[in-house]
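Dumped query-v1.pdb below, it's PDB, C-alpha atoms and all ligand atoms:
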MODEL        1
ATOM      1  CA  MET K   1     228.594  86.302 152.527
ATOM      2  CA  SER K   2     225.054  86.100 153.789
ATOM      3  CA  THR K   3     223.100  82.881 153.974
ATOM      4  CA  LEU K   4     220.106  82.156 151.776
ATOM      5  CA  LEU K   5     217.833  82.794 154.755
ATOM      6  CA  GLU K   6     219.485  86.150 155.440
ATOM      7  CA  GLN K   7     218.923  87.086 151.810
ATOM      8  CA  ALA K   8     215.253  86.146 152.174
ATOM      9  CA  ARG K   9     215.015  88.381 155.241
ATOM     10  CA  ASP K  10     216.609  91.253 153.324
ATOM     11  CA  ALA K  11     214.206  90.736 150.416
ATOM     12  CA  ALA K  12     211.230  91.041 152.767
ATOM     13  CA  LYS K  13     212.242  94.647 153.417
ATOM     14  CA  GLN K  14     211.175  95.426 149.826
ATOM     15  CA  ALA K  15     207.697  93.962 150.322
ATOM     16  CA  TYR K  16     204.735  95.996 149.128
ATOM     17  CA  ALA K  17     202.210  94.959 151.763
ATOM     18  CA  PRO K  18     199.981  97.965 152.559
ATOM     19  CA  TYR K  19     196.934  95.738 153.142
ATOM     20  CA  SER K  20     198.222  92.784 155.146
ATOM     21  CA  HIS K  21     201.173  94.572 156.772
ATOM     22  CA  PHE K  22     202.823  91.132 156.597
ATOM     23  CA  PRO K  23     206.089  91.431 154.672
ATOM     24  CA  VAL K  24     207.553  88.200 153.334
ATOM     25  CA  GLY K  25     210.841  87.540 151.584
ATOM     26  CA  ALA K  26     212.127  84.546 149.675
ATOM     27  CA  ALA K  27     215.434  83.558 148.132
ATOM     28  CA  VAL K  28     216.226  80.717 145.750
ATOM     29  CA  GLU K  29     219.612  79.214 145.008
ATOM     30  CA  THR K  30     219.971  78.246 141.359
ATOM     31  CA  ASP K  31     222.559  77.296 138.750
ATOM     32  CA  CYS K  32     222.558  81.015 137.801
ATOM     33  CA  GLY K  33     223.024  82.385 141.313
ATOM     34  CA  VAL K  34     220.601  83.570 143.954
ATOM     35  CA  PHE K  35     217.346  85.343 143.202
ATOM     36  CA  THR K  36     215.120  86.990 145.753
ATOM     37  CA  GLY K  37     211.512  88.070 145.903
ATOM     38  CA  CYS K  38     209.026  89.775 148.186
ATOM     39  CA  ASN K  39     205.254  89.761 148.384
ATOM     40  CA  ILE K  40     203.589  92.414 146.237
ATOM     41  CA  GLU K  41     199.971  93.159 147.114
ATOM     42  CA  ASN K  42     197.252  94.798 145.074
ATOM     43  CA  ALA K  43     194.011  96.601 145.922
ATOM     44  CA  SER K  44     192.368  93.857 143.865
ATOM     45  CA  TYR K  45     193.448  91.194 146.329
ATOM     46  CA  GLY K  46     193.465  88.319 143.852
ATOM     47  CA  LEU K  47     196.302  89.974 141.969
ATOM     48  CA  THR K  48     198.583  89.835 144.993
ATOM     49  CA  ILE K  49     201.674  87.687 144.499
ATOM     50  CA  CYS K  50     203.697  85.855 147.115
ATOM     51  CA  ALA K  51     207.421  86.278 147.691
ATOM     52  CA  GLU K  52     208.203  82.688 146.749
ATOM     53  CA  ARG K  53     206.653  82.978 143.303
ATOM     54  CA  VAL K  54     208.359  86.326 142.651
ATOM     55  CA  ALA K  55     211.744  84.765 143.454
ATOM     56  CA  LEU K  56     211.063  81.661 141.358
ATOM     57  CA  TRP K  57     209.795  83.577 138.353
ATOM     58  CA  LYS K  58     212.698  86.004 138.508
ATOM     59  CA  ALA K  59     215.075  83.027 138.485
ATOM     60  CA  ILE K  60     213.378  81.296 135.574
ATOM     61  CA  SER K  61     213.054  84.503 133.566
ATOM     62  CA  GLU K  62     216.783  85.130 134.010
ATOM     63  CA  GLY K  63     217.729  81.713 132.645
ATOM     64  CA  ALA K  64     217.989  79.475 135.698
ATOM     65  CA  THR K  65     217.465  75.839 134.790
ATOM     66  CA  ARG K  66     217.979  74.303 138.227
ATOM     67  CA  ILE K  67     216.511  75.567 141.491
ATOM     68  CA  GLU K  68     218.430  73.914 144.301
ATOM     69  CA  ARG K  69     216.659  75.226 147.394
ATOM     70  CA  LEU K  70     214.475  78.003 148.739
ATOM     71  CA  ALA K  71     214.462  80.081 151.912
ATOM     72  CA  LEU K  72     211.475  82.007 153.208
ATOM     73  CA  SER K  73     211.039  84.597 155.937
ATOM     74  CA  CYS K  74     208.017  86.361 157.405
ATOM     75  CA  ILE K  75     210.088  89.024 159.108
ATOM     76  CA  GLN K  76     207.279  90.462 161.195
ATOM     77  CA  ALA K  77     205.754  87.196 162.361
ATOM     78  CA  PRO K  78     205.367  87.525 166.127
ATOM     79  CA  GLU K  79     207.786  85.650 168.326
ATOM     80  CA  GLY K  80     206.291  82.231 168.973
ATOM     81  CA  ALA K  81     203.785  82.525 166.134
ATOM     82  CA  PRO K  82     202.572  79.071 165.070
ATOM     83  CA  ALA K  83     204.477  77.415 162.251
ATOM     84  CA  GLU K  84     201.405  77.361 160.012
ATOM     85  CA  SER K  85     201.386  81.154 159.895
ATOM     86  CA  ARG K  86     204.846  81.112 158.329
ATOM     87  CA  MET K  87     204.364  78.309 155.805
ATOM     88  CA  PRO K  88     204.103  78.719 152.013
ATOM     89  CA  CYS K  89     200.561  78.845 150.648
ATOM     90  CA  GLY K  90     199.179  76.060 148.484
ATOM     91  CA  ALA K  91     199.699  77.972 145.236
ATOM     92  CA  CYS K  92     203.371  78.507 145.992
ATOM     93  CA  ARG K  93     203.830  74.857 146.939
ATOM     94  CA  GLN K  94     202.482  73.843 143.521
ATOM     95  CA  VAL K  95     204.788  76.310 141.751
ATOM     96  CA  MET K  96     207.746  74.977 143.767
ATOM     97  CA  ALA K  97     206.806  71.457 142.633
ATOM     98  CA  GLU K  98     207.206  72.598 139.026
ATOM     99  CA  PHE K  99     210.777  73.778 139.504
ATOM    100  CA  LEU K 100     212.298  72.054 142.550
ATOM    101  CA  ALA K 101     213.034  68.388 143.144
ATOM    102  CA  PRO K 102     210.932  66.628 145.782
ATOM    103  CA  GLU K 103     214.013  66.319 148.010
ATOM    104  CA  ALA K 104     214.878  70.044 147.684
ATOM    105  CA  GLN K 105     215.213  71.781 151.010
ATOM    106  CA  ILE K 106     212.863  74.576 151.969
ATOM    107  CA  GLU K 107     214.115  76.659 154.897
ATOM    108  CA  ILE K 108     211.371  78.509 156.727
ATOM    109  CA  ASP K 109     212.433  81.187 159.173
ATOM    110  CA  GLY K 110     211.384  80.257 162.695
ATOM    111  CA  VAL K 111     210.250  76.792 161.630
ATOM    112  CA  GLY K 112     213.237  74.922 160.226
ATOM    113  CA  VAL K 113     214.174  72.985 157.109
ATOM    114  CA  ILE K 114     211.773  70.601 155.391
ATOM    115  CA  THR K 115     211.701  69.020 151.966
ATOM    116  CA  LEU K 116     209.346  69.973 149.191
ATOM    117  CA  ALA K 117     207.918  66.446 149.323
ATOM    118  CA  GLU K 118     206.956  67.065 152.953
ATOM    119  CA  LEU K 119     205.354  70.399 152.016
ATOM    120  CA  LEU K 120     203.427  69.002 149.054
ATOM    121  CA  PRO K 121     203.483  65.202 148.945
ATOM    122  CA  GLN K 122     201.188  64.821 145.944
ATOM    123  CA  PRO K 123     201.559  67.752 143.537
ATOM    124  CA  PHE K 124     199.513  68.066 140.373
ATOM    125  CA  GLN K 125     201.580  66.967 137.364
ATOM    126  CA  LEU K 126     201.100  66.820 133.608
ATOM    127  CA  GLY K 127     204.020  64.499 132.935
ATOM    128  CA  THR K 128     207.654  65.408 133.491
ATOM    129  CA  PRO K 129     208.999  68.491 131.720
ATOM    130  CA  SER K 130     211.817  67.484 129.376
ATOM    131  CA  CYS K 131     213.959  70.407 130.470
ATOM    132  CA  LEU K 132     213.158  72.705 133.355
ATOM    133  CA  GLY K 133     212.005  76.099 132.225
ATOM    134  CA  LYS K 134     212.741  75.488 128.567
ATOM    135  CA  THR K 135     209.915  74.919 126.146
ATOM    136  CA  GLN K 136     210.543  72.888 123.037
ATOM    137  CA  PRO K 137     210.440  74.827 119.747
TER     138      PRO K 137
HETATM  139 ZN    ZN K 201     202.168  81.800 148.332
ENDMDL
END
Can you give me the file's structure in the form of structure tokens?
Ligand SMILES: [Zn+2]
Amino acid sequence: MSTLLEQARDAAKQAYAPYSHFPVGAAVETDCGVFTGCNIENASYGLTICAERVALWKAISEGATRIERLALSCIQAPEGAPAESRMPCGACRQVMAEFLAPEAQIEIDGVGVITLAELLPQPFQLGTPSCLGKTQP
């Protein structure tokens, strides 16, 4: 059985990154199992999506209601590359704040484990969702 980080590394192999040549993989552990994602770029750069959001949206769209933790790997980051080059972008941090608890652990390959609250101490919020991922009828 592979670890969540190993699954993130595997997911990075599916990355579509012809522009950045920087494949990234993510894996999330949920109440419905593990979901993975990779970055998917587009010639219209603004349409590019990060691995973390692909994994999170796959999980939510498949019925996950609790995201326990997330692992992330930039598999081609050079040895000794600074931590900031491996960290989630601001958009992904905000999306994580929607679905993960502040104390949820985020494992970043080559960096270590930190909490979401450390990654994004003051996320934007519009109140507390009554039930994660489920809209009221
Ligand atoms: Zn991102």
Mind working out the centre and edge lengths of an axis-aligned box for range 60-75 of chain K, all listed atoms inside, 3 Å added to each side, rounded to one decimal in Å and written as AutoDock Vina command-line options?
--center_x 213.2 --center_y 81.5 --center_z 145.9 --size_x 16.4 --size_y 21.1 --size_z 32.5
### Query
Residues at most 9 Å from ligand ZN 201 (chain K), using only C-alpha atoms and all ligand atoms? Could they come as an MDAnalysis selection string?
chainID K and resid 39 49:53 87:93 95
For those residues, write C-alpha atoms to a file as a PDB file, in the coordinates of the input.
ATOM      1  CA  ASN K  39     205.254  89.761 148.384  1.00  0.00           C
ATOM      2  CA  ILE K  49     201.674  87.687 144.499  1.00  0.00           C
ATOM      3  CA  CYS K  50     203.697  85.855 147.115  1.00  0.00           C
ATOM      4  CA  ALA K  51     207.421  86.278 147.691  1.00  0.00           C
ATOM      5  CA  GLU K  52     208.203  82.688 146.749  1.00  0.00           C
ATOM      6  CA  ARG K  53     206.653  82.978 143.303  1.00  0.00           C
ATOM      7  CA  MET K  87     204.364  78.309 155.805  1.00  0.00           C
ATOM      8  CA  PRO K  88     204.103  78.719 152.013  1.00  0.00           C
ATOM      9  CA  CYS K  89     200.561  78.845 150.648  1.00  0.00           C
ATOM     10  CA  GLY K  90     199.179  76.060 148.484  1.00  0.00           C
ATOM     11  CA  ALA K  91     199.699  77.972 145.236  1.00  0.00           C
ATOM     12  CA  CYS K  92     203.371  78.507 145.992  1.00  0.00           C
ATOM     13  CA  ARG K  93     203.830  74.857 146.939  1.00  0.00           C
ATOM     14  CA  VAL K  95     204.788  76.310 141.751  1.00  0.00           C
TER      15      VAL K  95
END
### Message
Take the PyMOL selection byres (((chain K and resi 55-60) around 7) and not hetatm), run it mentally on this structure, and tell me the resulting residues as a VMD selection string.
### Response
chain K and resid 26 to 28 35 to 37 51 to 54 61 to 65 133
#### Entry: Explicit residue set for the PyMOL selection byres (((chain K and resi 29) around 7) and not hetatm), as a list in words
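Applying the expression gives Ala27, Val28, Thr30, Gly33, Val34, Phe35, Ile67, Glu68, Arg69 and Leu70 of chain K.
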### Task
Rounded to one decimal place, report the CA of Thr128 in chain K-CA of Gln105 in chain K distance in Å.
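Interatomic distance here is 20.1 Å.
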### Message
For the provided coordinates, the residues matched by the PyMOL selection byres (((chain K and resi 116) around 8) and not hetatm) should be stated as JSON, numbers by chain.
### Response
{"K": [93, 96, 97, 100, 101, 102, 103, 104, 105, 106, 114, 115, 117, 118, 119, 120, 121]}
### Message
When you count all atoms listed in the file, which of these residues is closest to Lys13 in chain K: K:Glu107, K:Ile75, K:Gly46, K:Pro82?
### Response
K:Ile75
### Task
Record the distance separating CA of Glu41 in chain K and CA of Gln76 in chain K, expressed in Å with one decimal.
16.1 Å
### Message
If I take CA of Tyr16 in chain K and CA of Gly80 in chain K, how far is one from the other in Å, to one decimal?
### Response
24.2 Å
### Query
Taking all atoms listed in the file into account, which of K:Thr48, K:Pro123, K:Gly112, K:Arg86 comes nearest Cys74 in chain K?
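Looking at the shortest contact to Cys74 in chain K, the residue is K:Arg86.
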### Query
Restricting the calculation to all atoms listed in the file, which member of K:Gln125, K:Ser2, K:Ser20, K:Gln7 is positioned closest to Asn42 in chain K?
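Of the candidates, the smallest distance to Asn42 in chain K is held by K:Ser20.
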